[in-house]
>>> print(open('coords.cif').read())   # mmCIF, C-alpha atoms (C1' of nucleotides)
data_final
loop_
_atom_site.label_atom_id
_atom_site.label_comp_id
_atom_site.auth_asym_id
_atom_site.auth_seq_id
_atom_site.Cartn_x
_atom_site.Cartn_y
_atom_site.Cartn_z
CA MET A 1 133.92 45.06 56.08
CA PRO A 2 133.40 43.59 52.58
CA GLU A 3 137.01 42.84 51.64
CA ALA A 4 138.37 40.36 49.12
CA LEU A 5 134.98 39.68 47.64
CA ARG A 6 134.53 38.39 44.14
CA ALA A 7 133.60 41.13 41.67
CA ASP A 8 130.03 39.95 41.12
CA ALA A 9 129.51 39.52 44.86
CA ARG A 10 130.65 43.04 45.56
CA HIS A 11 128.37 44.35 42.85
CA ASN A 12 125.36 42.45 44.18
CA HIS A 13 126.12 43.63 47.70
CA ASP A 14 125.85 47.24 46.59
CA GLN A 15 122.75 46.63 44.49
CA LEU A 16 121.09 45.04 47.50
CA LEU A 17 121.86 48.01 49.71
CA THR A 18 120.36 50.49 47.23
CA ALA A 19 117.31 48.31 46.70
CA ALA A 20 116.89 47.94 50.45
CA ARG A 21 117.09 51.68 51.01
CA ALA A 22 114.32 52.22 48.46
CA ALA A 23 112.10 49.43 49.76
CA PHE A 24 112.47 50.42 53.42
CA ALA A 25 111.74 54.03 52.55
CA GLU A 26 108.62 52.94 50.70
CA HIS A 27 107.21 50.21 52.93
CA GLY A 28 109.01 50.58 56.25
CA THR A 29 111.31 48.06 57.87
CA GLU A 30 108.80 45.25 57.25
CA ALA A 31 109.29 45.49 53.48
CA SER A 32 109.36 42.17 51.64
CA LEU A 33 112.88 40.77 51.35
CA ARG A 34 111.85 38.92 48.20
CA ASP A 35 110.91 42.24 46.72
CA ILE A 36 114.25 43.75 47.69
CA ALA A 37 116.06 40.88 45.98
CA ARG A 38 113.88 41.37 42.90
CA ARG A 39 114.61 45.10 42.79
CA ALA A 40 118.30 44.37 43.09
CA GLY A 41 118.09 41.93 40.18
CA VAL A 42 119.28 39.13 42.40
CA GLY A 43 118.01 35.79 43.67
CA ILE A 44 116.56 35.51 47.13
CA GLY A 45 119.36 33.17 48.14
CA THR A 46 121.91 35.84 47.29
CA LEU A 47 120.21 38.31 49.58
CA TYR A 48 120.32 35.88 52.48
CA ARG A 49 123.97 35.04 51.87
CA HIS A 50 124.95 38.69 52.08
CA PHE A 51 122.57 39.56 54.90
CA PRO A 52 121.49 36.51 56.90
CA THR A 53 118.76 38.42 58.72
CA ARG A 54 116.62 41.47 58.06
CA GLU A 55 118.30 43.05 61.04
CA ALA A 56 121.71 42.58 59.41
CA LEU A 57 120.48 44.41 56.35
CA LEU A 58 119.08 47.25 58.43
CA GLN A 59 122.27 47.46 60.45
CA ALA A 60 124.36 47.75 57.30
CA LEU A 61 122.25 50.76 56.41
CA MET A 62 122.41 52.18 59.92
CA ARG A 63 126.13 51.87 60.55
CA ASP A 64 127.07 55.03 58.65
CA ARG A 65 124.35 56.94 60.41
CA PHE A 66 125.47 55.76 63.84
CA ASP A 67 129.05 56.71 63.11
CA ALA A 68 127.96 60.11 61.84
CA LEU A 69 125.92 60.71 64.99
CA GLY A 70 128.91 59.75 67.09
CA ARG A 71 131.11 62.26 65.26
CA ARG A 72 128.35 64.83 65.47
CA ALA A 73 128.22 64.46 69.26
CA ALA A 74 131.96 65.00 69.41
CA GLY A 75 131.63 68.08 67.23
CA LEU A 76 128.84 69.50 69.37
CA LEU A 77 131.20 69.52 72.34
CA ALA A 78 132.49 72.74 70.81
CA GLU A 79 129.05 74.30 70.95
CA PRO A 80 129.07 77.07 73.63
CA SER A 81 125.76 76.06 75.22
CA PRO A 82 125.94 72.51 76.60
CA ARG A 83 122.18 72.45 76.94
CA ASP A 84 121.54 73.41 73.32
CA ALA A 85 124.22 71.02 72.15
CA LEU A 86 122.53 68.12 73.90
CA LEU A 87 119.09 69.07 72.65
CA THR A 88 120.35 69.40 69.08
CA TRP A 89 122.03 66.04 69.23
CA LEU A 90 118.97 64.34 70.67
CA ALA A 91 116.83 65.82 67.93
CA GLU A 92 119.20 64.43 65.33
CA VAL A 93 119.23 61.02 66.94
CA ALA A 94 115.45 61.03 66.91
CA ALA A 95 115.36 62.14 63.29
CA GLY A 96 117.80 59.42 62.31
CA SER A 97 115.73 56.83 64.15
CA ALA A 98 112.71 57.84 62.13
CA THR A 99 114.34 57.45 58.71
CA TYR A 100 112.14 54.44 57.97
CA ARG A 101 108.80 53.52 59.46
CA GLY A 102 109.54 50.92 62.13
CA LEU A 103 113.20 51.82 62.46
CA PRO A 104 113.01 52.94 66.12
CA GLU A 105 112.44 49.29 67.10
CA SER A 106 115.63 48.27 65.32
CA VAL A 107 117.60 51.11 66.83
CA MET A 108 116.59 50.04 70.30
CA ALA A 109 117.37 46.43 69.44
CA ALA A 110 120.85 47.38 68.19
CA LEU A 111 121.47 49.44 71.33
CA ARG A 112 120.78 46.53 73.66
CA ASP A 113 122.21 43.68 71.59
CA GLU A 114 125.81 43.29 72.69
CA SER A 115 126.54 40.65 70.06
CA SER A 116 125.36 42.84 67.22
CA GLU A 117 127.62 43.52 64.28
CA LEU A 118 127.41 47.23 64.79
CA HIS A 119 127.78 47.14 68.53
CA ALA A 120 131.05 48.99 68.07
CA SER A 121 129.44 51.89 66.21
CA CYS A 122 126.68 51.77 68.70
CA ALA A 123 128.92 51.90 71.74
CA ALA A 124 130.95 54.72 70.20
CA MET A 125 127.82 56.74 69.60
CA ARG A 126 126.59 56.10 73.11
CA ALA A 127 129.95 57.13 74.56
CA ALA A 128 129.99 60.33 72.54
CA GLY A 129 126.47 61.07 73.71
CA SER A 130 127.51 60.44 77.28
CA ARG A 131 130.21 63.07 77.08
CA LEU A 132 127.64 65.52 75.75
CA LEU A 133 125.32 64.68 78.62
CA GLU A 134 128.02 64.85 81.28
CA ARG A 135 129.13 68.25 80.08
CA ALA A 136 125.58 69.56 80.35
CA GLN A 137 125.24 68.03 83.80
CA ALA A 138 128.60 69.40 84.98
CA GLN A 139 127.47 72.85 84.03
CA GLY A 140 124.22 72.30 85.90
CA ALA A 141 122.10 72.66 82.76
CA VAL A 142 120.66 69.16 83.05
CA ARG A 143 119.61 67.08 86.04
CA ALA A 144 122.38 64.93 87.43
CA ASP A 145 120.31 61.75 87.73
CA ILE A 146 119.78 61.24 84.00
CA THR A 147 121.52 58.34 82.29
CA THR A 148 122.54 57.95 78.67
CA GLU A 149 120.22 54.94 78.37
CA GLU A 150 117.29 57.09 79.38
CA LEU A 151 118.32 59.74 76.91
CA LEU A 152 118.50 57.31 74.00
CA ALA A 153 115.26 55.58 74.97
CA LEU A 154 113.65 58.99 75.10
CA ALA A 155 114.92 59.91 71.65
CA ALA A 156 113.72 56.62 70.18
CA GLY A 157 110.35 56.87 71.93
CA VAL A 158 109.87 60.36 70.66
CA ALA A 159 110.75 59.26 67.13
CA TRP A 160 108.26 56.43 67.46
CA ALA A 161 105.50 58.73 68.67
CA GLY A 162 106.24 61.02 65.77
CA GLU A 163 105.74 58.34 63.16
CA GLN A 164 102.51 57.29 64.88
CA SER A 165 101.11 60.82 64.58
CA PRO A 166 100.98 61.41 60.82
CA GLY A 167 98.57 64.31 61.25
CA HIS A 168 101.04 66.21 63.44
CA PRO A 169 104.32 66.40 61.56
CA GLN A 170 106.09 68.26 64.35
CA MET A 171 105.06 65.85 67.10
CA ALA A 172 108.53 64.40 67.61
CA GLN A 173 110.21 67.77 67.95
CA ARG A 174 107.44 68.96 70.21
CA LEU A 175 107.59 65.97 72.55
CA LEU A 176 111.35 66.21 72.73
CA SER A 177 111.19 69.84 73.71
CA LEU A 178 108.51 69.07 76.28
CA ALA A 179 110.61 66.33 77.79
CA MET A 180 113.51 68.73 77.96
CA THR A 181 111.70 71.48 79.82
CA GLY A 182 108.90 69.47 81.40
CA LEU A 183 105.13 69.66 81.31
CA ALA A 184 104.82 71.02 84.83
CA HIS A 185 105.65 74.46 86.05
CA MET B 1 77.03 45.16 70.79
CA PRO B 2 76.51 41.41 70.18
CA GLU B 3 72.71 41.23 70.35
CA ALA B 4 70.32 38.66 68.92
CA LEU B 5 73.12 36.29 68.04
CA ARG B 6 72.56 32.60 67.69
CA ALA B 7 73.57 30.64 70.78
CA ASP B 8 76.60 28.97 69.22
CA ALA B 9 77.74 32.26 67.73
CA ARG B 10 77.62 33.98 71.08
CA HIS B 11 79.54 31.16 72.68
CA ASN B 12 82.24 31.21 70.02
CA HIS B 13 82.51 34.97 70.30
CA ASP B 14 83.34 34.68 73.99
CA GLN B 15 85.73 31.78 73.46
CA LEU B 16 87.57 33.81 70.85
CA LEU B 17 87.99 36.76 73.19
CA THR B 18 89.48 34.60 75.95
CA ALA B 19 91.76 32.82 73.53
CA ALA B 20 92.85 36.17 72.06
CA ARG B 21 93.65 37.57 75.49
CA ALA B 22 95.88 34.60 76.24
CA ALA B 23 97.60 34.61 72.85
CA PHE B 24 98.25 38.36 72.84
CA ALA B 25 99.61 38.18 76.37
CA GLU B 26 101.94 35.39 75.33
CA HIS B 27 103.10 36.49 71.87
CA GLY B 28 102.16 40.16 71.62
CA THR B 29 99.73 41.71 69.16
CA GLU B 30 101.32 39.81 66.26
CA ALA B 31 100.15 36.46 67.62
CA SER B 32 98.93 34.00 65.00
CA LEU B 33 95.19 34.31 64.35
CA ARG B 34 95.06 30.67 63.31
CA ASP B 35 96.46 29.79 66.71
CA ILE B 36 93.83 31.92 68.44
CA ALA B 37 91.09 30.12 66.51
CA ARG B 38 92.65 26.80 67.45
CA ARG B 39 92.79 27.73 71.14
CA ALA B 40 89.16 28.80 70.98
CA GLY B 41 88.21 25.46 69.45
CA VAL B 42 86.89 27.19 66.37
CA GLY B 43 87.59 27.28 62.64
CA ILE B 44 89.62 30.10 61.17
CA GLY B 45 86.61 31.23 59.14
CA THR B 46 84.65 31.72 62.34
CA LEU B 47 87.30 33.98 63.76
CA TYR B 48 87.24 36.17 60.67
CA ARG B 49 83.45 36.37 60.66
CA HIS B 50 83.39 37.64 64.22
CA PHE B 51 86.44 39.89 63.87
CA PRO B 52 87.18 40.77 60.25
CA THR B 53 90.59 42.21 61.09
CA ARG B 54 93.18 41.76 63.78
CA GLU B 55 92.56 45.34 64.77
CA ALA B 56 88.87 44.58 65.34
CA LEU B 57 89.84 41.80 67.73
CA LEU B 58 92.25 44.04 69.59
CA GLN B 59 89.69 46.80 69.80
CA ALA B 60 87.13 44.45 71.30
CA LEU B 61 89.66 43.74 74.03
CA MET B 62 90.56 47.40 74.44
CA ARG B 63 87.06 48.85 74.67
CA ASP B 64 86.58 47.98 78.35
CA ARG B 65 89.97 49.38 79.19
CA PHE B 66 89.30 52.63 77.37
CA ASP B 67 85.98 53.04 79.13
CA ALA B 68 87.60 52.31 82.47
CA LEU B 69 90.30 54.91 81.82
CA GLY B 70 87.61 57.43 80.93
CA ARG B 71 85.80 56.80 84.20
CA ARG B 72 89.09 56.88 86.05
CA ALA B 73 89.84 60.33 84.66
CA ALA B 74 86.44 61.53 85.83
CA GLY B 75 87.09 60.07 89.26
CA LEU B 76 90.50 61.71 89.51
CA LEU B 77 88.85 65.10 89.15
CA ALA B 78 88.12 64.70 92.87
CA GLU B 79 91.79 64.31 93.65
CA PRO B 80 92.97 67.43 95.54
CA SER B 81 96.16 67.90 93.53
CA PRO B 82 95.40 68.46 89.83
CA ARG B 83 99.02 67.81 88.99
CA ASP B 84 99.15 64.48 90.76
CA ALA B 85 95.80 63.50 89.33
CA LEU B 86 97.04 64.10 85.79
CA LEU B 87 100.30 62.28 86.37
CA THR B 88 98.51 59.32 87.92
CA TRP B 89 96.11 59.12 85.00
CA LEU B 90 98.88 59.34 82.44
CA ALA B 91 100.75 56.56 84.17
CA GLU B 92 97.65 54.39 84.03
CA VAL B 93 97.11 55.16 80.35
CA ALA B 94 100.70 54.18 79.68
CA ALA B 95 100.35 51.00 81.71
CA GLY B 96 97.18 50.09 79.84
CA SER B 97 98.88 50.71 76.51
CA ALA B 98 101.59 48.27 77.46
CA THR B 99 99.27 45.39 78.35
CA TYR B 100 100.47 43.46 75.31
CA ARG B 101 103.72 43.79 73.43
CA GLY B 102 102.93 45.92 70.36
CA LEU B 103 99.74 47.37 71.78
CA PRO B 104 100.90 51.01 71.79
CA GLU B 105 100.74 50.97 67.97
CA SER B 106 97.12 49.86 68.08
CA VAL B 107 96.22 52.41 70.72
CA MET B 108 97.61 55.20 68.58
CA ALA B 109 95.83 53.78 65.54
CA ALA B 110 92.51 53.70 67.42
CA LEU B 111 93.02 57.25 68.62
CA ARG B 112 93.46 58.63 65.12
CA ASP B 113 91.01 56.40 63.22
CA GLU B 114 87.68 58.26 63.23
CA SER B 115 85.88 55.36 61.58
CA SER B 116 86.98 52.90 64.20
CA GLU B 117 84.40 50.84 66.05
CA LEU B 118 85.58 52.10 69.38
CA HIS B 119 85.95 55.69 68.38
CA ALA B 120 83.18 56.49 70.85
CA SER B 121 85.03 54.98 73.81
CA CYS B 122 88.13 56.61 72.51
CA ALA B 123 86.61 60.06 72.24
CA ALA B 124 85.06 59.74 75.69
CA MET B 125 88.41 58.85 77.19
CA ARG B 126 90.11 61.70 75.39
CA ALA B 127 87.45 64.13 76.61
CA ALA B 128 87.79 62.95 80.19
CA GLY B 129 91.54 63.34 79.91
CA SER B 130 91.08 66.82 78.54
CA ARG B 131 89.14 67.89 81.60
CA LEU B 132 91.91 66.54 83.79
CA LEU B 133 94.46 68.47 81.78
CA GLU B 134 92.46 71.69 81.74
CA ARG B 135 92.00 71.59 85.48
CA ALA B 136 95.74 71.26 85.99
CA GLN B 137 96.36 74.07 83.54
CA ALA B 138 93.75 76.35 85.14
CA GLN B 139 95.49 75.92 88.44
CA GLY B 140 98.79 76.75 86.79
CA ALA B 141 100.27 73.34 87.59
CA VAL B 142 100.85 72.48 83.95
CA ARG B 143 101.91 74.58 80.98
CA ALA B 144 99.01 76.11 79.08
CA ASP B 145 100.27 75.16 75.62
CA ILE B 146 99.94 71.40 76.05
CA THR B 147 97.25 69.57 74.09
CA THR B 148 95.48 66.32 74.88
CA GLU B 149 96.89 64.81 71.69
CA GLU B 150 100.39 65.51 72.91
CA LEU B 151 99.58 64.02 76.27
CA LEU B 152 98.27 60.78 74.79
CA ALA B 153 101.10 60.51 72.29
CA LEU B 154 103.49 60.99 75.17
CA ALA B 155 101.85 58.25 77.22
CA ALA B 156 101.90 55.83 74.29
CA GLY B 157 105.50 56.72 73.41
CA VAL B 158 106.57 56.17 76.98
CA ALA B 159 104.78 52.81 77.05
CA TRP B 160 106.53 51.88 73.81
CA ALA B 161 109.95 52.85 75.13
CA GLY B 162 109.25 50.80 78.24
CA GLU B 163 108.59 47.62 76.31
CA GLN B 164 111.72 48.21 74.23
CA SER B 165 113.87 48.36 77.37
CA PRO B 166 113.44 44.92 78.91
CA GLY B 167 116.52 45.38 81.07
CA HIS B 168 115.06 48.47 82.73
CA PRO B 169 111.64 47.55 84.06
CA GLN B 170 110.96 51.04 85.41
CA MET B 171 111.84 52.84 82.18
CA ALA B 172 108.26 53.84 81.35
CA GLN B 173 107.59 55.34 84.77
CA ARG B 174 110.93 57.05 84.73
CA LEU B 175 110.49 58.63 81.30
CA LEU B 176 107.01 59.78 82.20
CA SER B 177 108.25 61.46 85.33
CA LEU B 178 111.10 63.06 83.39
CA ALA B 179 108.70 64.38 80.79
CA MET B 180 106.57 65.80 83.57
CA THR B 181 109.33 67.72 85.31
CA GLY B 182 111.79 68.07 82.46
CA LEU B 183 115.40 67.11 81.94
CA ALA B 184 116.70 70.63 82.19
CA HIS B 185 117.01 72.75 85.28
"C1'" DG C 1 142.33 27.00 28.46
"C1'" DA C 2 141.94 24.08 32.56
"C1'" DT C 3 141.21 23.89 37.57
"C1'" DT C 4 139.41 25.44 41.69
"C1'" DA C 5 136.87 27.78 44.81
"C1'" DT C 6 133.44 31.18 45.39
"C1'" DG C 7 129.00 32.98 44.66
"C1'" DC C 8 124.40 32.52 42.38
"C1'" DG C 9 119.57 31.24 41.80
"C1'" DG C 10 115.26 29.53 42.71
"C1'" DA C 11 112.63 25.32 43.89
"C1'" DG C 12 110.66 24.09 47.99
"C1'" DC C 13 109.19 23.92 53.14
"C1'" DG C 14 106.25 25.45 56.70
"C1'" DA C 15 103.60 29.19 58.23
"C1'" DT C 16 101.03 33.27 57.62
"C1'" DG C 17 96.61 36.36 56.51
"C1'" DC C 18 92.48 35.99 54.35
"C1'" DT C 19 88.38 34.21 51.19
"C1'" DC C 20 84.73 31.34 49.94
"C1'" DC C 21 81.14 28.04 49.89
"C1'" DG C 22 79.08 23.44 50.96
"C1'" DA C 23 77.72 21.37 55.30
"C1'" DA C 24 75.82 21.66 59.82
"C1'" DA C 25 73.54 23.58 63.57
"C1'" DT C 26 70.07 26.72 65.43
"C1'" DC C 27 65.78 29.10 65.38
"C1'" DT C 28 60.77 29.64 64.07
"C1'" DA C 29 56.26 28.16 63.06
"C1'" DC C 30 53.12 24.84 63.15
"C1'" DG D 1 58.08 16.97 67.49
"C1'" DT D 2 58.88 18.06 62.79
"C1'" DA D 3 59.81 20.84 58.58
"C1'" DG D 4 61.71 24.57 56.61
"C1'" DA D 5 64.21 28.79 56.56
"C1'" DT D 6 68.24 31.08 58.10
"C1'" DT D 7 72.23 31.72 60.39
"C1'" DT D 8 76.72 30.09 61.46
"C1'" DC D 9 80.46 26.93 61.03
"C1'" DG D 10 84.71 24.83 59.27
"C1'" DG D 11 88.57 24.21 56.67
"C1'" DA D 12 90.32 23.61 51.89
"C1'" DG D 13 92.74 26.71 49.15
"C1'" DC D 14 95.28 30.87 47.37
"C1'" DA D 15 98.93 34.12 47.54
"C1'" DT D 16 102.64 35.56 50.12
"C1'" DC D 17 106.06 35.44 53.60
"C1'" DG D 18 110.84 34.19 55.81
"C1'" DC D 19 114.27 31.05 55.20
"C1'" DT D 20 117.17 26.73 53.59
"C1'" DC D 21 119.57 23.99 50.52
"C1'" DC D 22 122.22 22.37 46.72
"C1'" DG D 23 123.24 21.83 41.65
"C1'" DC D 24 125.11 25.03 38.54
"C1'" DA D 25 127.46 29.14 36.73
"C1'" DT D 26 131.12 32.19 36.98
"C1'" DA D 27 135.10 34.68 38.45
"C1'" DA D 28 139.84 34.02 40.00
"C1'" DT D 29 144.23 31.57 39.55
"C1'" DC D 30 147.75 29.25 37.27
#
>>> encode(input="coords.cif", output="structure tokens")
Amino acid sequence: MPEALRADARHNHDQLLTAARAAFAEHGTEASLRDIARRAGVGIGTLYRHFPTREALLQALMRDRFDALGRRAAGLLAEPSPRDALLTWLAEVAAGSATYRGLPESVMAALRDESSELHASCAAMRAAGSRLLERAQAQGAVRADITTEELLALAAGVAWAGEQSPGHPQMAQRLLSLAMTGLAH
Amino acid sequence: MPEALRADARHNHDQLLTAARAAFAEHGTEASLRDIARRAGVGIGTLYRHFPTREALLQALMRDRFDALGRRAAGLLAEPSPRDALLTWLAEVAAGSATYRGLPESVMAALRDESSELHASCAAMRAAGSRLLERAQAQGAVRADITTEELLALAAGVAWAGEQSPGHPQMAQRLLSLAMTGLAH
DNA sequence: GATTATGCGGAGCGATGCTCCGAAATCTAC
DNA sequence: GTAGATTTCGGAGCATCGCTCCGCATAATC
């Protein structure tokens, strides 16, 4: 996406991304943008020119991850057990959504915002996930009335619950597995 | 809790609670505290004296709800089907957690904060929920390895996912029912 | 080296959460 | 009712936030 930029602009762009990664990791997605600019050795105006909104900055960091998850879903189609493939993928989506504190909100926002910059990556990931789901359903391993939206909302919700339960580090995995097999007998 | 307060103080306390309810309903839990003070016809200093933190204000609004959910759990022990009783209660916990946008975070925070003002209400609700869960487990309607923490995290997570899916108004109910019976066959 | 266009920086705006203390209102005792 | 003690009020003020705007610096081009 950043093509034909002036040398200093390209440099600042990269500095901002590294600074943002560090700040988001440290303070969550609500980290101070002023602080990110400071860390990057850049004026606040420069940050806003490169990334007009906080969401744009987050999405620039998420794009690679979304693409990777899309490819991963495609790869998991080779997995012999459709059920395990789906569960593995969901766990990875949840883990990715929990990279930064507060990220699940942004993931859900990106999923529903059609005008988003990374709607393409997003749609590709969703489509790849759909194929994974349909395969599991065709084989009868998963209920037929589940939609991809529900699956992704579930993964994000589980990631959210995980980051709200600091005392129980395995909460996300646990809830995901419960949702898969059900609480009831 | 507010005993032996001066008349004006008591009046302002009530005004603040009503104003807070309205503001949180309108703008979510991140509503401006200055605005709440303004609506209550009160200075900002007065708000902070009565409720030193935003969380304190939210908890004052949540206490009644927590108590009610505790009593509700006790009442549902009379329900013939332990499974249905548990599911009904969980749905009501989730609905209560979604009263205001952003409330699930505060609910989870109150659940884990032992020093919280409403830890008593909180513990009572958790205990009542536990009895509901144990009854369902004793009857074999629910897996034996489920904990109350997991149940409450699940309810909050489901409430969160619901408010992140504005296009799908039934998402919370749907995810809860999926978690109950499981995605897999 | 001169010209042009692109990108940079930070002062500045309005709003936020929160503190602090002089002023005002209530309560108590007579 | 009045005086005095005590509680409560109110908002000015501070630091910080997200975000805009425009004069200035700097890289690219010739």
>>> residues_around(input="coords.cif", residues="stretch 9-26 of chain C", least_positions_apart="3", cutoff="10 Å", atoms="all atoms listed in the file", output="compact mmCIF listing (two decimals) with C-alpha atoms (C1' of nucleotides), in the frame of the given file")
# COMPACT_ATOMS: atom_id res chain seq x y z
CA VAL A 42 119.28 39.13 42.40
CA GLY A 43 118.01 35.79 43.67
CA ILE A 44 116.56 35.51 47.13
CA GLY A 45 119.36 33.17 48.14
CA THR A 46 121.91 35.84 47.29
CA ARG B 6 72.56 32.60 67.69
CA ALA B 7 73.57 30.64 70.78
CA ASP B 8 76.60 28.97 69.22
CA ALA B 9 77.74 32.26 67.73
CA SER B 32 98.93 34.00 65.00
CA LEU B 33 95.19 34.31 64.35
CA ARG B 34 95.06 30.67 63.31
CA ILE B 44 89.62 30.10 61.17
CA GLY B 45 86.61 31.23 59.14
CA TYR B 48 87.24 36.17 60.67
CA PRO B 52 87.18 40.77 60.25
CA THR B 53 90.59 42.21 61.09
CA ARG B 54 93.18 41.76 63.78
C1' DT D 6 68.24 31.08 58.10
C1' DT D 7 72.23 31.72 60.39
C1' DT D 8 76.72 30.09 61.46
C1' DC D 9 80.46 26.93 61.03
C1' DG D 10 84.71 24.83 59.27
C1' DA D 12 90.32 23.61 51.89
C1' DG D 13 92.74 26.71 49.15
C1' DC D 14 95.28 30.87 47.37
C1' DA D 15 98.93 34.12 47.54
C1' DT D 16 102.64 35.56 50.12
C1' DC D 17 106.06 35.44 53.60
C1' DG D 18 110.84 34.19 55.81
C1' DC D 19 114.27 31.05 55.20
C1' DT D 20 117.17 26.73 53.59
C1' DC D 21 119.57 23.99 50.52
C1' DC D 24 125.11 25.03 38.54
C1' DA D 25 127.46 29.14 36.73
>>> residues_around(input="coords.cif", residues="stretch 159-176 of chain A", least_positions_apart="4", cutoff="6 Å", atoms="only C-alpha atoms (C1' of nucleotides)", output="ChimeraX atom specification")
/A:94,98 /B:153,157
>>> resolve_selection(input="coords.cif", expression="the PyMOL selection byres ((chain A and resi 64-74) around 12)", output="ChimeraX atom specification")
/A:58-63,75-79,82,84-99,107,110-111,118-133,135
>>> closest_residue(input="coords.cif", among="D:DG11, D:DC22, D:DA28, D:DA5", to="C:DT3", atoms="only C-alpha atoms (C1' of nucleotides)")
D:DA28
>>> resolve_selection(input="coords.cif", expression="the PyMOL selection byres ((chain B) within 8 of (chain A))", output="NGL selection string")
:B and (83 or 105 or 108-109 or 112 or 140-143 or 146 or 150 or 153-154 or 156-158 or 160-161 or 164-165 or 171 or 175 or 178-185)
>>> atom_distance(input="coords.cif", atom1="atom C1' of D:DT29", atom2="atom CA of A:His13")
23.2 Å
>>> axis_aligned_box(input="coords.cif", around="stretch 77-81 of chain B", padding_each_side="4 Å", output="JSON")
{"center_x": 92.1, "center_y": 66.1, "center_z": 92.3, "size_x": 16.0, "size_y": 11.6, "size_z": 14.4}
>>> resolve_selection(input="coords.cif", expression="the PyMOL selection byres ((chain C and resi 6) around 8)", output="CSV table (one decimal) with C-alpha atoms (C1' of nucleotides), in the frame of the given file")
chain,number,residue,atom,x,y,z
A,6,ARG,CA,134.5,38.4,44.1
C,5,DA,C1',136.9,27.8,44.8
C,7,DG,C1',129.0,33.0,44.7
D,27,DA,C1',135.1,34.7,38.4
>>> atom_distance(input="coords.cif", atom1="atom CA of B:Arg21", atom2="atom CA of B:Leu57")
9.6 Å
